[in-house]
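Here is the file target-v1.cif (mmCIF, C-alpha atoms).
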```cif
data_input
#
loop_
_atom_site.label_atom_id
_atom_site.label_comp_id
_atom_site.auth_asym_id
_atom_site.auth_seq_id
_atom_site.Cartn_x
_atom_site.Cartn_y
_atom_site.Cartn_z
CA MET O 1 115.96 66.71 97.27
CA LYS O 2 113.04 69.12 97.61
CA ASN O 3 111.24 67.56 94.66
CA LEU O 4 111.71 64.12 96.22
CA LEU O 5 110.23 65.31 99.49
CA ILE O 6 107.18 66.79 97.80
CA CYS O 7 106.75 63.64 95.79
CA THR O 8 106.83 61.62 99.00
CA VAL O 9 104.02 63.74 100.41
CA GLY O 10 102.06 63.47 97.18
CA LEU O 11 102.38 59.67 97.12
CA ALA O 12 101.04 59.41 100.65
CA LEU O 13 98.00 61.45 99.67
CA ALA O 14 97.50 59.59 96.41
CA ALA O 15 97.36 56.36 98.36
CA ASN O 16 94.58 57.91 100.46
CA LEU O 17 96.93 58.11 103.41
CA SER O 18 97.64 61.43 105.03
CA LEU O 19 100.89 61.83 106.88
CA ALA O 20 98.72 61.97 109.97
CA GLN O 21 98.21 58.24 109.49
CA ALA O 22 101.79 57.25 108.76
CA GLN O 23 105.17 57.92 110.30
CA PRO O 24 106.77 60.81 108.38
CA HIS O 25 109.62 59.74 106.12
CA GLU O 26 113.08 60.38 107.59
CA GLU O 27 113.90 62.70 104.69
CA ILE O 28 110.80 64.77 105.47
CA LEU O 29 111.85 64.96 109.11
CA ALA O 30 115.29 66.12 107.98
CA ALA O 31 113.72 68.79 105.78
CA LEU O 32 111.56 70.02 108.65
CA ALA O 33 114.59 70.17 110.92
CA SER O 34 116.36 72.29 108.30
CA MET O 35 113.37 74.61 107.82
CA ALA O 36 112.61 75.01 111.53
CA PRO O 37 115.76 74.23 113.57
CA GLY O 38 115.06 73.31 117.15
CA SER O 39 111.32 72.97 116.64
CA PRO O 40 109.50 69.85 117.83
CA ALA O 41 109.09 66.94 115.46
CA PRO O 42 105.57 66.23 114.20
CA ALA O 43 103.35 64.65 116.82
CA GLU O 44 101.37 61.52 116.15
CA GLY O 45 98.27 62.40 114.13
CA GLN O 46 99.58 65.70 112.75
CA PHE O 47 99.34 66.46 109.04
CA VAL O 48 102.72 67.33 107.51
CA HIS O 49 103.21 69.32 104.32
CA ILE O 50 106.43 70.52 102.66
CA PRO O 51 105.38 73.43 100.42
CA PRO O 52 106.78 73.57 96.90
CA THR O 53 109.35 76.17 95.87
CA LEU O 54 109.77 78.44 92.84
CA GLU O 55 112.18 75.85 91.46
CA ASP O 56 109.37 73.31 91.66
CA LEU O 57 107.10 75.80 89.88
CA GLU O 58 109.51 76.17 86.98
CA ALA O 59 109.83 72.39 86.70
CA SER O 60 106.05 71.87 86.74
CA ASN O 61 103.78 71.47 83.71
CA LEU O 62 101.47 74.32 84.74
CA ASN O 63 100.35 76.73 82.04
CA PRO O 64 102.98 79.44 81.44
CA GLU O 65 100.42 82.19 82.10
CA LEU O 66 99.56 80.65 85.47
CA LYS O 67 103.26 80.45 86.31
CA LYS O 68 103.55 84.20 85.63
CA VAL O 69 100.70 84.90 88.05
CA ILE O 70 102.21 82.71 90.79
CA ARG O 71 105.60 84.36 90.30
CA ARG O 72 103.93 87.76 90.67
CA GLY O 73 102.33 86.58 93.92
CA TYR O 74 105.70 85.44 95.22
CA ASP O 75 107.26 88.75 94.25
CA LEU O 76 104.55 90.75 96.05
CA PHE O 77 104.80 88.48 99.09
CA THR O 78 108.56 88.72 99.49
CA ASN O 79 108.97 92.35 98.39
CA THR O 80 105.77 94.08 99.45
CA GLN O 81 107.72 97.33 99.72
CA GLN O 82 107.50 97.63 95.93
CA VAL O 83 103.86 98.64 96.46
CA ARG O 84 104.68 100.97 99.34
CA GLU O 85 102.27 103.89 99.55
CA ARG O 86 99.83 101.87 97.46
CA TYR O 87 98.99 98.85 99.60
CA SER O 88 101.63 98.80 102.36
CA LEU O 89 101.96 102.04 104.29
CA ASN O 90 104.66 100.89 106.68
CA ASP O 91 108.05 99.14 106.49
CA MET O 92 106.74 95.57 106.50
CA ASN O 93 106.78 92.82 103.86
CA CYS O 94 104.43 89.85 103.97
CA ASP O 95 107.36 87.62 104.85
CA SER O 96 108.39 89.88 107.72
CA CYS O 97 105.99 87.70 109.71
CA HIS O 98 105.41 84.76 107.35
CA MET O 99 109.10 84.06 106.96
CA GLY O 100 110.81 82.00 104.29
CA ALA O 101 108.39 83.25 101.62
CA GLY O 102 105.47 81.90 103.66
CA ARG O 103 106.79 78.34 103.70
CA LEU O 104 108.38 77.86 107.13
CA PRO O 105 106.74 75.85 109.93
CA PHE O 106 106.01 77.90 113.07
CA SER O 107 106.36 81.12 111.09
CA SER O 108 102.65 81.16 110.25
CA PRO O 109 103.04 79.42 106.88
CA VAL O 110 100.32 80.63 104.53
CA TRP O 111 99.41 77.38 102.78
CA PRO O 112 96.83 76.40 105.46
CA ALA O 113 94.77 79.47 104.53
CA ALA O 114 94.27 78.06 101.05
CA VAL O 115 92.69 74.85 102.36
CA ILE O 116 90.70 75.97 105.43
CA LEU O 117 89.03 79.05 103.93
CA PRO O 118 86.24 80.05 103.61
CA ASN O 119 85.85 79.68 107.35
CA TYR O 120 84.52 81.53 110.39
CA ARG O 121 86.91 84.04 111.97
CA PRO O 122 86.22 85.38 115.46
CA LYS O 123 88.23 88.55 114.81
CA ASN O 124 85.48 89.98 112.60
CA ASP O 125 82.72 87.55 113.60
CA GLN O 126 82.00 86.32 110.08
CA VAL O 127 83.01 83.81 107.45
CA ASN O 128 86.09 84.97 105.53
CA ASN O 129 87.45 83.82 102.20
CA ILE O 130 91.13 83.87 101.31
CA GLU O 131 90.95 87.33 99.71
CA GLU O 132 89.44 88.78 102.90
CA ARG O 133 92.11 87.09 104.99
CA ILE O 134 94.83 88.66 102.85
CA ALA O 135 93.02 92.01 103.01
CA GLY O 136 93.14 91.76 106.80
CA CYS O 137 96.93 91.40 106.70
CA PHE O 138 97.27 94.52 104.57
CA SER O 139 94.87 96.45 106.82
CA TYR O 140 96.48 95.52 110.14
CA SER O 141 100.01 94.18 109.74
CA MET O 142 100.82 96.45 106.77
CA ASN O 143 98.68 99.28 108.16
CA GLY O 144 97.65 99.91 104.58
CA GLU O 145 94.99 99.70 101.89
CA PRO O 146 94.47 96.14 100.56
CA PRO O 147 94.43 95.31 96.86
CA ALA O 148 90.87 95.32 95.54
CA TYR O 149 89.04 92.01 95.60
CA GLY O 150 89.40 90.38 92.19
CA SER O 151 92.28 92.66 91.16
CA ASP O 152 95.37 91.38 89.36
CA ASP O 153 97.52 91.67 92.49
CA MET O 154 94.95 89.96 94.72
CA LEU O 155 94.68 87.16 92.17
CA ALA O 156 98.46 86.79 92.17
CA LEU O 157 98.65 86.58 95.96
CA THR O 158 95.85 84.01 96.22
CA ALA O 159 97.43 81.96 93.42
CA TYR O 160 100.73 81.94 95.32
CA HIS O 161 98.99 80.80 98.52
CA GLN O 162 97.27 77.99 96.62
CA TRP O 163 100.50 76.96 94.91
CA LEU O 164 102.12 76.53 98.33
CA ALA O 165 99.19 74.27 99.30
CA LYS O 166 99.66 72.03 96.26
CA GLY O 167 98.61 68.48 97.13
CA VAL O 168 96.89 69.33 100.44
CA PRO O 169 93.25 68.21 100.72
CA VAL O 170 90.75 71.05 101.16
CA TYR O 171 89.35 71.15 104.73
CA GLN O 172 90.50 67.58 105.46
CA PRO O 173 93.56 68.32 107.67
CA GLY O 174 91.49 70.34 110.13
CA GLY O 175 93.39 71.90 113.01
CA SER O 176 96.15 69.29 113.24
CA MET O 177 98.55 70.76 110.69
CA TYR O 178 102.21 70.61 111.71
CA GLY O 179 103.81 74.04 112.09
CA ARG O 180 100.62 76.02 111.54
CA GLY O 181 100.66 79.50 113.06
CA PHE O 182 103.60 80.54 115.24
CA GLY O 183 103.43 77.64 117.64
CA THR O 184 102.73 77.75 121.34
CA VAL O 185 105.09 78.67 124.14
CA ALA O 186 104.67 77.15 127.59
CA GLU O 187 103.49 79.50 130.30
CA PRO O 188 106.59 81.07 131.89
CA ALA O 189 107.66 80.38 135.43
CA GLN O 190 107.39 84.09 136.20
CA LYS O 191 104.84 86.63 135.02
CA PRO O 192 106.06 88.31 131.79
CA ASP O 193 108.00 91.41 132.73
CA TYR O 194 108.53 94.66 130.79
CA HIS O 195 111.95 95.43 132.27
CA ARG O 196 113.37 91.92 131.78
CA GLY O 197 112.05 92.08 128.23
CA LYS O 198 113.77 95.40 127.66
CA ALA O 199 117.09 94.00 128.87
CA THR O 200 116.78 90.96 126.59
CA TYR O 201 115.74 93.18 123.68
CA GLU O 202 118.77 95.42 124.09
CA ALA O 203 121.08 92.40 124.33
CA LYS O 204 119.67 90.23 121.54
CA CYS O 205 117.30 92.22 119.30
CA ALA O 206 118.42 95.84 119.06
CA VAL O 207 121.34 95.02 116.78
CA CYS O 208 118.83 94.30 113.99
CA HIS O 209 115.72 96.21 115.02
CA ALA O 210 117.42 99.24 116.66
CA GLU O 211 117.08 100.31 120.27
CA ASP O 212 114.07 102.47 119.40
CA GLY O 213 112.40 99.62 117.51
CA SER O 214 112.66 101.42 114.17
CA GLY O 215 114.29 98.54 112.30
CA LEU O 216 117.19 98.67 109.86
CA GLN O 217 117.39 99.98 106.31
CA ALA O 218 120.25 99.83 103.83
CA ARG O 219 120.38 101.78 100.58
CA GLY O 220 116.77 102.77 101.04
CA GLU O 221 115.53 99.18 101.43
CA VAL O 222 114.11 97.58 104.58
CA VAL O 223 116.45 94.88 105.89
CA PHE O 224 114.85 94.29 109.29
CA PRO O 225 111.34 95.64 109.97
CA PRO O 226 110.39 98.05 112.75
CA LEU O 227 108.71 96.49 115.77
CA TRP O 228 106.88 99.60 116.95
CA GLY O 229 106.30 103.20 115.92
CA ASP O 230 104.63 104.77 112.87
CA TYR O 231 106.19 102.35 110.37
CA SER O 232 105.27 99.12 112.18
CA TYR O 233 102.12 97.01 112.49
CA ASN O 234 99.08 98.68 114.04
CA TRP O 235 97.11 97.82 117.18
CA GLY O 236 94.79 95.53 115.23
CA ALA O 237 97.53 93.22 113.94
CA GLY O 238 97.44 89.66 115.22
CA ILE O 239 101.00 89.87 116.50
CA THR O 240 99.95 92.48 119.10
CA ARG O 241 98.54 89.48 121.00
CA LEU O 242 101.17 88.52 123.53
CA PHE O 243 100.89 84.77 122.95
CA THR O 244 101.24 85.27 119.19
CA LEU O 245 104.37 87.40 119.47
CA ALA O 246 105.85 85.06 122.09
CA GLY O 247 105.39 82.15 119.66
CA PHE O 248 106.94 84.07 116.78
CA VAL O 249 109.92 85.16 118.88
CA LYS O 250 110.51 81.70 120.36
CA HIS O 251 110.44 79.81 117.06
CA ASN O 252 112.02 82.37 114.73
CA MET O 253 114.26 84.81 116.60
CA PRO O 254 116.99 85.95 116.77
CA ILE O 255 117.38 85.57 113.02
CA GLY O 256 119.46 82.47 112.30
CA GLN O 257 119.09 81.27 115.89
CA PRO O 258 115.50 80.05 116.22
CA ASN O 259 114.50 78.34 119.46
CA SER O 260 117.60 79.67 121.23
CA LEU O 261 115.64 81.88 123.64
CA THR O 262 114.05 80.48 126.76
CA ASP O 263 110.27 80.46 127.10
CA GLN O 264 110.60 83.15 129.76
CA GLU O 265 112.67 85.37 127.43
CA ALA O 266 110.10 84.94 124.65
CA TRP O 267 107.23 86.03 126.92
CA ASP O 268 109.24 88.90 128.40
CA LEU O 269 110.14 90.15 124.92
CA ALA O 270 106.50 89.99 123.85
CA GLN O 271 105.54 91.99 126.93
CA TYR O 272 108.14 94.66 126.17
CA ILE O 273 107.68 94.94 122.39
CA ASP O 274 103.89 94.94 122.48
CA ALA O 275 103.89 97.56 125.25
CA GLN O 276 105.27 100.11 122.77
CA GLU O 277 103.10 102.53 120.82
CA ARG O 278 102.06 101.92 117.26
CA PRO O 279 99.40 103.15 114.81
CA GLN O 280 95.77 103.04 115.87
CA ASP O 281 93.55 99.95 115.45
CA PRO O 282 91.49 100.53 112.27
CA ARG O 283 88.39 99.52 114.28
CA TYR O 284 88.92 102.44 116.69
CA THR O 285 85.66 104.05 117.85
CA GLY O 286 87.30 107.23 119.10
CA ASP O 287 87.70 105.90 122.64
CA VAL O 288 90.44 103.37 123.37
CA ARG O 289 88.75 101.78 126.37
CA GLU O 290 85.48 101.45 124.45
CA THR O 291 87.33 99.88 121.51
CA ARG O 292 89.11 97.44 123.81
CA GLU O 293 85.82 96.40 125.38
CA LEU O 294 84.08 96.11 122.00
CA TYR O 295 86.75 93.75 120.63
CA GLY O 296 87.97 92.42 123.96
CA GLU O 297 86.54 88.93 123.89
CA SER O 298 87.45 88.26 120.26
CA PHE O 299 90.88 89.90 120.26
CA HIS O 300 92.12 92.54 122.71
CA LYS O 301 91.91 90.39 125.84
CA HIS O 302 95.26 89.05 124.63
CA THR O 303 96.81 92.50 123.94
CA LEU O 304 97.92 95.46 126.05
CA TYR O 305 95.84 97.89 124.01
CA GLY O 306 93.75 100.16 126.21
CA LEU O 307 95.72 99.21 129.34
CA GLU O 308 98.09 101.36 131.35
CA VAL O 309 101.70 100.17 131.14
CA GLU O 310 104.64 102.07 132.57
CA GLY O 311 102.41 105.08 133.16
CA ARG O 312 101.06 105.17 129.59
CA LEU O 313 97.53 104.32 128.41
CA LEU O 314 98.38 102.38 125.29
CA GLY O 315 96.45 103.27 122.15
CA ASP O 316 95.03 106.49 123.57
CA HIS O 317 95.62 108.58 120.44
CA ASP O 318 94.35 109.32 116.93
CA ASN O 319 97.62 108.53 115.15
CA VAL O 320 96.96 106.28 112.15
CA GLY O 321 100.63 106.01 111.17
CA ALA O 322 102.92 107.35 108.49
CA ASN O 323 101.76 107.92 104.91
CA LYS O 324 98.16 107.21 105.92
CA ASP O 325 95.19 109.57 105.98
CA PHE O 326 92.39 107.16 106.83
CA LEU O 327 91.51 104.81 109.69
CA LYS O 328 89.72 101.78 108.25
CA PRO O 329 90.19 100.67 104.63
CA GLU O 330 86.96 100.81 102.64
CA VAL O 331 87.55 97.31 101.28
CA LEU O 332 86.89 95.77 104.71
CA ARG O 333 83.23 94.94 104.87
CA ASP O 334 80.70 93.23 107.09
CA ARG O 335 78.81 90.21 105.83
CA THR O 336 75.78 88.38 107.18
CA PHE O 337 73.59 85.58 105.87
CA ASN O 338 70.68 86.36 108.18
#
```
What would you get if you wrote out this structure as structure tokens?
Amino acid sequence: MKNLLICTVGLALAANLSLAQAQPHEEILAALASMAPGSPAPAEGQFVHIPPTLEDLEASNLNPELKKVIRRGYDLFTNTQQVRERYSLNDMNCDSCHMGAGRLPFSSPVWPAAVILPNYRPKNDQVNNIEERIAGCFSYSMNGEPPAYGSDDMLALTAYHQWLAKGVPVYQPGGSMYGRGFGTVAEPAQKPDYHRGKATYEAKCAVCHAEDGSGLQARGEVVFPPLWGDYSYNWGAGITRLFTLAGFVKHNMPIGQPNSLTDQEAWDLAQYIDAQERPQDPRYTGDVRETRELYGESFHKHTLYGLEVEGRLLGDHDNVGANKDFLKPEVLRDRTFN
């Protein structure tokens, strides 16, 4: 079934027709409905891609050595905790945010990165390649030290991203890719509210992520990641933006019940979760208000960092998180072509 779906996509491209120009096949629509229950169907003009699976990899005629590298990338992506205290210094895996091994629509699938990069990124005001984009995830979402550019592990991760993008034209789809990012959530009828969010969290989220947001472990392994605190994502992670977290929550949570929350609940949960403390933004200047202003237009205008919420000035500390003795990873670098 999955091979047939991928073949259908490939045939459309081979005929010089993107799925943006043709009505998606009913089997593709069924696959999307299975991958992202309750999510909207592709709109007219959107590019649709069903990423391949490891089963498809094994069935392919790729070189065996390349298959090993892609498998290693998959393994790192889905079990990033195996490199805990090396690259990841918190309790997150790559697919804690990019769920379904980075394949699911509206769970920030990673295949678009392989076909739109290098590209300009406002967050660091420069053109990023795919290795730098991955390094950003390790630095912010993992609160860690990224694999070195060109290293075996970075090669494996980029190879896995590119495998998921198999058959997608480079640059061609532009910004009209179905399911890219976490999706949007309509503006709520009421202003997002911390206390409503707390009530919803306690009723629908705490069973997995704990009342104190510390997540759930079993036999020493992370089952559900922490949402705040020393072992969660830091203040520079993209999901600290309220609209980003609202989109993730709406389309992916509670686990097994995506799109079951109202838009208001999604926004309220984002307000509550992202009003909790977490490790410092690696770009911290030593003054939280100064840091917010410095990165306000490009990032923090969408976060609560540097604002007072419930009597607390969020981010007003020097805590870089557990297992970490540095602020900004050395691998992050500025680039200019001036």
Set the distance at 9 Å and use all atoms listed in the file: which residues neighbour Ile239 (chain O) once local chain neighbours fewer than 2 positions away are removed? I'd like the list as a PDB file with C-alpha atoms, in the frame of the given file.
```pdb
ATOM      1  CA  CYS O  97     105.990  87.700 109.710  1.00  0.00           C
ATOM      2  CA  SER O 141     100.010  94.180 109.740  1.00  0.00           C
ATOM      3  CA  TYR O 233     102.120  97.010 112.490  1.00  0.00           C
ATOM      4  CA  TRP O 235      97.110  97.820 117.180  1.00  0.00           C
ATOM      5  CA  GLY O 236      94.790  95.530 115.230  1.00  0.00           C
ATOM      6  CA  ALA O 237      97.530  93.220 113.940  1.00  0.00           C
ATOM      7  CA  ARG O 241      98.540  89.480 121.000  1.00  0.00           C
ATOM      8  CA  LEU O 242     101.170  88.520 123.530  1.00  0.00           C
ATOM      9  CA  PHE O 243     100.890  84.770 122.950  1.00  0.00           C
ATOM     10  CA  THR O 244     101.240  85.270 119.190  1.00  0.00           C
ATOM     11  CA  LEU O 245     104.370  87.400 119.470  1.00  0.00           C
ATOM     12  CA  ALA O 246     105.850  85.060 122.090  1.00  0.00           C
ATOM     13  CA  PHE O 248     106.940  84.070 116.780  1.00  0.00           C
ATOM     14  CA  ASP O 274     103.890  94.940 122.480  1.00  0.00           C
ATOM     15  CA  THR O 303      96.810  92.500 123.940  1.00  0.00           C
TER      16      THR O 303
END
```
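Remark: for Val185 (chain O), the closest of the candidate residues O:Ser39, O:Thr80, O:Gly286, O:His161 is O:Ser39 (distances computed over only C-alpha atoms).
If all atoms listed in the file are the atoms counted, then among O:Phe138, O:Trp111, O:Phe326, O:Trp163 the closest residue to Leu62 (chain O) is O:Trp163.
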Care to translate the PyMOL selection byres ((chain O and resi 314) around 10) into actual residues of this file, as a list of chain:residue names? O:Trp235, O:Asp274, O:Ala275, O:Gln276, O:Glu277, O:Arg278, O:Gln280, O:Val288, O:Arg289, O:Leu304, O:Tyr305, O:Gly306, O:Leu307, O:Glu308, O:Val309, O:Glu310, O:Gly311, O:Arg312, O:Leu313, O:Gly315, O:Asp316, O:His317
Would you save the residues from that selection as a PDB file, in the coordinates of the input, using C-alpha atoms?
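Writing done, so here's out_5.pdb:
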```pdb
ATOM      1  CA  TRP O 235      97.110  97.820 117.180  1.00  0.00           C
ATOM      2  CA  ASP O 274     103.890  94.940 122.480  1.00  0.00           C
ATOM      3  CA  ALA O 275     103.890  97.560 125.250  1.00  0.00           C
ATOM      4  CA  GLN O 276     105.270 100.110 122.770  1.00  0.00           C
ATOM      5  CA  GLU O 277     103.100 102.530 120.820  1.00  0.00           C
ATOM      6  CA  ARG O 278     102.060 101.920 117.260  1.00  0.00           C
ATOM      7  CA  GLN O 280      95.770 103.040 115.870  1.00  0.00           C
ATOM      8  CA  VAL O 288      90.440 103.370 123.370  1.00  0.00           C
ATOM      9  CA  ARG O 289      88.750 101.780 126.370  1.00  0.00           C
ATOM     10  CA  LEU O 304      97.920  95.460 126.050  1.00  0.00           C
ATOM     11  CA  TYR O 305      95.840  97.890 124.010  1.00  0.00           C
ATOM     12  CA  GLY O 306      93.750 100.160 126.210  1.00  0.00           C
ATOM     13  CA  LEU O 307      95.720  99.210 129.340  1.00  0.00           C
ATOM     14  CA  GLU O 308      98.090 101.360 131.350  1.00  0.00           C
ATOM     15  CA  VAL O 309     101.700 100.170 131.140  1.00  0.00           C
ATOM     16  CA  GLU O 310     104.640 102.070 132.570  1.00  0.00           C
ATOM     17  CA  GLY O 311     102.410 105.080 133.160  1.00  0.00           C
ATOM     18  CA  ARG O 312     101.060 105.170 129.590  1.00  0.00           C
ATOM     19  CA  LEU O 313      97.530 104.320 128.410  1.00  0.00           C
ATOM     20  CA  GLY O 315      96.450 103.270 122.150  1.00  0.00           C
ATOM     21  CA  ASP O 316      95.030 106.490 123.570  1.00  0.00           C
ATOM     22  CA  HIS O 317      95.620 108.580 120.440  1.00  0.00           C
TER      23      HIS O 317
END
```
Can you give me, as a VMD selection string, the residues this file yields under the PyMOL selection byres ((chain O and resi 56-60) around 9)? chain O and resid 2 to 3 52 to 55 61 to 63 67 70 to 71 163
Same residues, C-alpha atoms, output as a short mmCIF file (atom, residue, chain, number, x, y, z; two decimals), keeping the file's coordinate frame:
```cif
data_model
loop_
_atom_site.label_atom_id
_atom_site.label_comp_id
_atom_site.auth_asym_id
_atom_site.auth_seq_id
_atom_site.Cartn_x
_atom_site.Cartn_y
_atom_site.Cartn_z
CA LYS O 2 113.04 69.12 97.61
CA ASN O 3 111.24 67.56 94.66
CA PRO O 52 106.78 73.57 96.90
CA THR O 53 109.35 76.17 95.87
CA LEU O 54 109.77 78.44 92.84
CA GLU O 55 112.18 75.85 91.46
CA ASN O 61 103.78 71.47 83.71
CA LEU O 62 101.47 74.32 84.74
CA ASN O 63 100.35 76.73 82.04
CA LYS O 67 103.26 80.45 86.31
CA ILE O 70 102.21 82.71 90.79
CA ARG O 71 105.60 84.36 90.30
CA TRP O 163 100.50 76.96 94.91
#
```
Which residues, protein or nucleic acid, reach to within 9 Å of (113.3, 92.4, 123.7) in the file's coordinates when using all atoms listed in the file, and can you give that as a VMD selection string? chain O and resid 194 196 to 206 265 to 266 268 to 273
Check which residues of region 40-105 of chain O sit at most 8 Å from region 178-184 of chain O using only C-alpha atoms, and return one row each with the closest pair of atoms and their distance in Å to one decimal, ordered by chain and rising number, as a Markdown table.
```
| residue | atom | partner | partner_atom | distance |
| --- | --- | --- | --- | --- |
| O:Pro42 | CA | O:Tyr178 | CA | 6.1 |
| O:Ala43 | CA | O:Tyr178 | CA | 7.9 |
| O:Gln46 | CA | O:Tyr178 | CA | 5.7 |
| O:Phe47 | CA | O:Tyr178 | CA | 5.7 |
| O:Val48 | CA | O:Tyr178 | CA | 5.4 |
| O:His49 | CA | O:Tyr178 | CA | 7.6 |
| O:Leu104 | CA | O:Gly179 | CA | 7.8 |
| O:Pro105 | CA | O:Gly179 | CA | 4.1 |
```
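If you look at CA of Phe224 (chain O) and CA of Val249 (chain O), they are 14.1 Å away from each other.
Taking CA of Asp263 (chain O) and CA of Gly238 (chain O) as endpoints, the distance between them is 19.8 Å.
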Residue neighbourhood Ala322 (chain O), 7 Å, all atoms listed in the file, exclusion window fewer than 4 positions, as a PyMOL selection string: chain O and resi 89-90+230-231
Grab the residues selected above and save them as a PDB file, in the frame of the given file with C-alpha atoms.
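See part31.pdb below for the written result:
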```pdb
ATOM      1  CA  LEU O  89     101.960 102.040 104.290  1.00  0.00           C
ATOM      2  CA  ASN O  90     104.660 100.890 106.680  1.00  0.00           C
ATOM      3  CA  ASP O 230     104.630 104.770 112.870  1.00  0.00           C
ATOM      4  CA  TYR O 231     106.190 102.350 110.370  1.00  0.00           C
TER       5      TYR O 231
END
```
